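Asker: This is the content of start_20.pdb (PDB, C-alpha atoms):
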```pdb
ATOM      1  CA  MET V 885       0.000   0.000   0.000
ATOM      2  CA  ARG V 886       1.343   3.441  -0.927
ATOM      3  CA  ARG V 887       1.992   6.041   1.722
ATOM      4  CA  SER V 888       0.456   9.458   1.474
ATOM      5  CA  LYS V 889       2.625  12.571   1.410
ATOM      6  CA  LEU V 890       1.652  13.255   4.997
ATOM      7  CA  GLU V 891       2.723   9.767   6.076
ATOM      8  CA  MET V 892       6.048  10.225   4.317
ATOM      9  CA  TYR V 893       6.603  13.608   5.983
ATOM     10  CA  ILE V 894       5.900  12.024   9.353
ATOM     11  CA  ASP V 895       8.220   9.086   8.611
ATOM     12  CA  ILE V 896      11.046  11.503   7.760
ATOM     13  CA  LEU V 897      10.431  13.475  10.957
ATOM     14  CA  LYS V 898      10.390  10.250  12.989
ATOM     15  CA  VAL V 899      13.708   9.130  11.523
ATOM     16  CA  LEU V 900      15.317  12.479  12.285
ATOM     17  CA  SER V 901      13.903  12.592  15.809
ATOM     18  CA  HIS V 902      15.145   9.079  16.672
ATOM     19  CA  ARG V 903      18.486   9.053  14.852
ATOM     20  CA  GLY V 904      19.611  12.677  15.186
ATOM     21  CA  PRO V 905      21.134  14.723  12.361
ATOM     22  CA  LEU V 906      21.597  12.499   9.299
ATOM     23  CA  LYS V 907      22.981  12.658   5.793
ATOM     24  CA  LEU V 908      20.575  12.463   2.880
ATOM     25  CA  THR V 909      21.394   8.822   2.079
ATOM     26  CA  HIS V 910      20.811   7.699   5.657
ATOM     27  CA  ILE V 911      17.404   9.366   5.743
ATOM     28  CA  MET V 912      16.627   7.808   2.375
ATOM     29  CA  TYR V 913      17.264   4.266   3.663
ATOM     30  CA  LYS V 914      15.716   4.691   7.120
ATOM     31  CA  ALA V 915      12.525   6.357   5.834
ATOM     32  CA  ASN V 916      12.398   4.203   2.681
ATOM     33  CA  VAL V 917      12.039   7.171   0.322
ATOM     34  CA  ASN V 918      13.397   7.657  -3.199
ATOM     35  CA  CYS V 919      16.266  10.186  -3.321
ATOM     36  CA  SER V 920      14.639  12.698  -5.684
ATOM     37  CA  VAL V 921      11.362  12.543  -3.768
ATOM     38  CA  LEU V 922      13.213  12.882  -0.471
ATOM     39  CA  LYS V 923      14.890  16.096  -1.662
ATOM     40  CA  GLN V 924      11.487  17.583  -2.509
ATOM     41  CA  TYR V 925      10.042  16.544   0.840
ATOM     42  CA  LEU V 926      13.030  17.878   2.754
ATOM     43  CA  ASP V 927      12.722  21.194   0.906
ATOM     44  CA  PHE V 928       9.085  21.411   2.003
ATOM     45  CA  LEU V 929       9.922  20.461   5.600
ATOM     46  CA  ILE V 930      12.712  23.074   5.652
ATOM     47  CA  GLN V 931      10.327  25.742   4.319
ATOM     48  CA  GLN V 932       7.893  24.856   7.099
ATOM     49  CA  ASN V 933      10.704  25.140   9.681
ATOM     50  CA  LEU V 934      10.269  21.481  10.686
ATOM     51  CA  VAL V 935      13.744  20.422   9.513
ATOM     52  CA  GLU V 936      16.984  22.346   9.225
ATOM     53  CA  GLU V 937      19.986  21.812   7.001
ATOM     54  CA  ARG V 938      23.383  21.922   8.716
ATOM     55  CA  THR V 939      26.857  21.953   7.238
ATOM     56  CA  ILE V 940      29.502  20.011   9.132
ATOM     57  CA  GLY V 941      33.082  20.669   8.161
ATOM     58  CA  LYS V 942      33.601  21.911   4.633
ATOM     59  CA  LYS V 943      31.196  19.811   2.587
ATOM     60  CA  ARG V 944      29.162  17.435   4.736
ATOM     61  CA  THR V 945      25.473  18.363   4.859
ATOM     62  CA  VAL V 946      23.157  16.811   7.410
ATOM     63  CA  TYR V 947      19.491  17.337   8.222
ATOM     64  CA  ALA V 948      18.071  17.715  11.719
ATOM     65  CA  ILE V 949      14.573  18.042  13.111
ATOM     66  CA  THR V 950      13.783  21.434  14.667
ATOM     67  CA  GLN V 951      11.917  22.070  17.904
ATOM     68  CA  ARG V 952       8.851  22.924  15.838
ATOM     69  CA  GLY V 953       9.236  19.593  14.013
ATOM     70  CA  ILE V 954       9.331  17.754  17.346
ATOM     71  CA  THR V 955       6.158  19.558  18.428
ATOM     72  CA  VAL V 956       4.367  18.666  15.177
ATOM     73  CA  LEU V 957       5.449  15.028  15.518
ATOM     74  CA  LYS V 958       4.141  14.969  19.097
ATOM     75  CA  HIS V 959       0.746  16.285  17.932
ATOM     76  CA  PHE V 960       0.510  13.608  15.239
ATOM     77  CA  ARG V 961       1.272  10.902  17.786
ATOM     78  CA  GLU V 962      -1.513  12.247  20.016
ATOM     79  CA  LEU V 963      -3.879  12.397  17.058
ATOM     80  CA  LYS V 964      -3.031   8.816  16.118
ATOM     81  CA  THR V 965      -4.070   7.626  19.582
ATOM     82  CA  VAL V 966      -7.424   9.446  19.319
ATOM     83  CA  LEU V 967      -8.331   8.413  15.749
ATOM     84  CA  PRO V 968      -8.926   4.696  16.452
ATOM     85  CA  LEU V 969     -11.475   5.732  19.084
ATOM     86  CA  ILE V 970     -13.286   7.957  16.592
ATOM     87  CA  GLU V 971     -13.298   5.195  13.956
ATOM     88  CA  GLU V 972     -14.608   2.711  16.511
ATOM     89  CA  ASP V 973     -17.439   5.065  17.514
ATOM     90  CA  ASN V 974     -18.418   5.550  13.851
ATOM     91  CA  ARG V 975     -18.754   1.796  13.371
ATOM     92  CA  LYS V 976     -21.203   1.619  16.273
ATOM     93  CA  LEU V 977     -23.493   4.271  14.782
ATOM     94  CA  PRO V 978     -26.498   2.937  12.823
ATOM     95  CA  ALA V 979     -26.433   3.470   9.089
ATOM     96  CA  ILE V 980     -28.572   6.381   7.942
ATOM     97  CA  LEU V 981     -30.359   5.856   4.637
TER      98      LEU V 981
END
```
Could you express the structure from this file as structure tokens?
Answerer:
Amino acid sequence: MRRSKLEMYIDILKVLSHRGPLKLTHIMYKANVNCSVLKQYLDFLIQQNLVEERTIGKKRTVYAITQRGITVLKHFRELKTVLPLIEEDNRKLPAIL
């Protein structure tokens, strides 16, 4: 089953929150995202101030989750715990014709 953009954004944020600042290739493997797609998604996450790009040494570029990214990830985790309850309640409701 394909992941939505939102799911992929969350997967990238999760990887960065658990593994710390990472190079592009490491994010690519850990989040299971194609390189060209990952670059687009990272650009979006950087624009939203959820991820930041850091240069280590002369050439090494790594990506790290920001405090705002951690907050967003926390809210999605909370939402994920609430959604199964909402889905369960909807199944109990009688069908309206």
Asker: Kindly indicate which residue among V:Lys914, V:His959, V:Lys923, V:Lys907 lies nearest to V:Arg944, using all atoms listed in the file for the distances.
Answerer: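 Among V:Lys914, V:His959, V:Lys923, V:Lys907, it is V:Lys907 that comes nearest to V:Arg944.
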Asker: Using only C-alpha atoms for the distances, tell me which of V:Gln931, V:Val921, V:Lys889, V:Pro905 is nearest to V:Tyr947.
Answerer: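 Comparing V:Gln931, V:Val921, V:Lys889, V:Pro905 against V:Tyr947, the winner is V:Pro905.
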Asker: Calculated over all atoms listed in the file, which of the candidates V:Met912, V:Ile940, V:Leu957, V:Ile930 has the smallest distance to V:Leu897?
Answerer: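 Looking only at the distances to V:Leu897, the closest residue turns out to be V:Leu957.
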Asker: To one decimal place in Å, what is the distance between atom CA of V:Asn918 and atom CA of V:Thr965?
Answerer: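 Here the two named atoms are 28.7 Å from each other.
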Asker: What does the PyMOL selection byres ((chain V and resi 946) around 12) select in this file, as a list of chain:residue names?
Answerer: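 Applying the expression gives V:Leu900, V:Arg903, V:Gly904, V:Pro905, V:Leu906, V:Lys907, V:Leu908, V:Thr909, V:His910, V:Ile911, V:Leu926, V:Val935, V:Glu936, V:Glu937, V:Arg938, V:Thr939, V:Ile940, V:Gly941, V:Lys942, V:Lys943, V:Arg944, V:Thr945, V:Tyr947, V:Ala948, V:Ile949.
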Asker: Using all atoms listed in the file for the distances, tell me which of V:Leu967, V:Val956, V:Cys919, V:Leu929 is nearest to V:Ile896.
Answerer: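 Residue with the minimum atom-to-atom distance to V:Ile896: V:Leu929.
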Asker: For each of V:Lys964, V:Leu934, V:Thr950, V:Thr955, take the minimum atom-to-atom distance to V:Tyr893, counting only C-alpha atoms, then give the residue where this is smallest.
Answerer: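 Closest candidate: V:Leu934.
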Asker: Measure the distance from atom CA of V:Arg961 to atom CA of V:Tyr913 in Å and round it to one decimal.
Answerer: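 Interatomic distance here is 22.3 Å.
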Asker: So the first atom is atom CA of V:Asn933 and the second is atom CA of V:Leu963; what is the distance between them in Å, to one decimal place?
Answerer: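 Separation between atom CA of V:Asn933 and atom CA of V:Leu963: 20.7 Å.
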Asker: Of the residues V:Asp895, V:Ala915, V:Gln932, V:Asp927, which is the one nearest to V:Gln951, using only C-alpha atoms?
Answerer: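 Between V:Asp895, V:Ala915, V:Gln932, V:Asp927, the residue approaching V:Gln951 most closely is V:Gln932.
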Asker: Put a box with edges along x, y and z around all the listed atoms of stretch 951-961 of chain V, pad it by 6 Å on each side, then give me its centre and sizes in Å, one decimal, as lines of an AutoDock Vina configuration file.
Answerer:
```
center_x = 6.2
center_y = 16.9
center_z = 16.6
size_x = 23.4
size_y = 24.0
size_z = 17.1
```
Asker: Got a sec: who's within 10 Å of V:Met892, counting all atoms listed in the file, leaving out chain neighbours fewer than 6 positions off, as a CSV table (one decimal) with C-alpha atoms, in the frame of the given file?
Answerer:
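Contents of selection.csv, as written:
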```
chain,number,residue,atom,x,y,z
V,886,ARG,CA,1.3,3.4,-0.9
V,898,LYS,CA,10.4,10.2,13.0
V,915,ALA,CA,12.5,6.4,5.8
V,916,ASN,CA,12.4,4.2,2.7
V,917,VAL,CA,12.0,7.2,0.3
V,921,VAL,CA,11.4,12.5,-3.8
V,922,LEU,CA,13.2,12.9,-0.5
V,925,TYR,CA,10.0,16.5,0.8
```
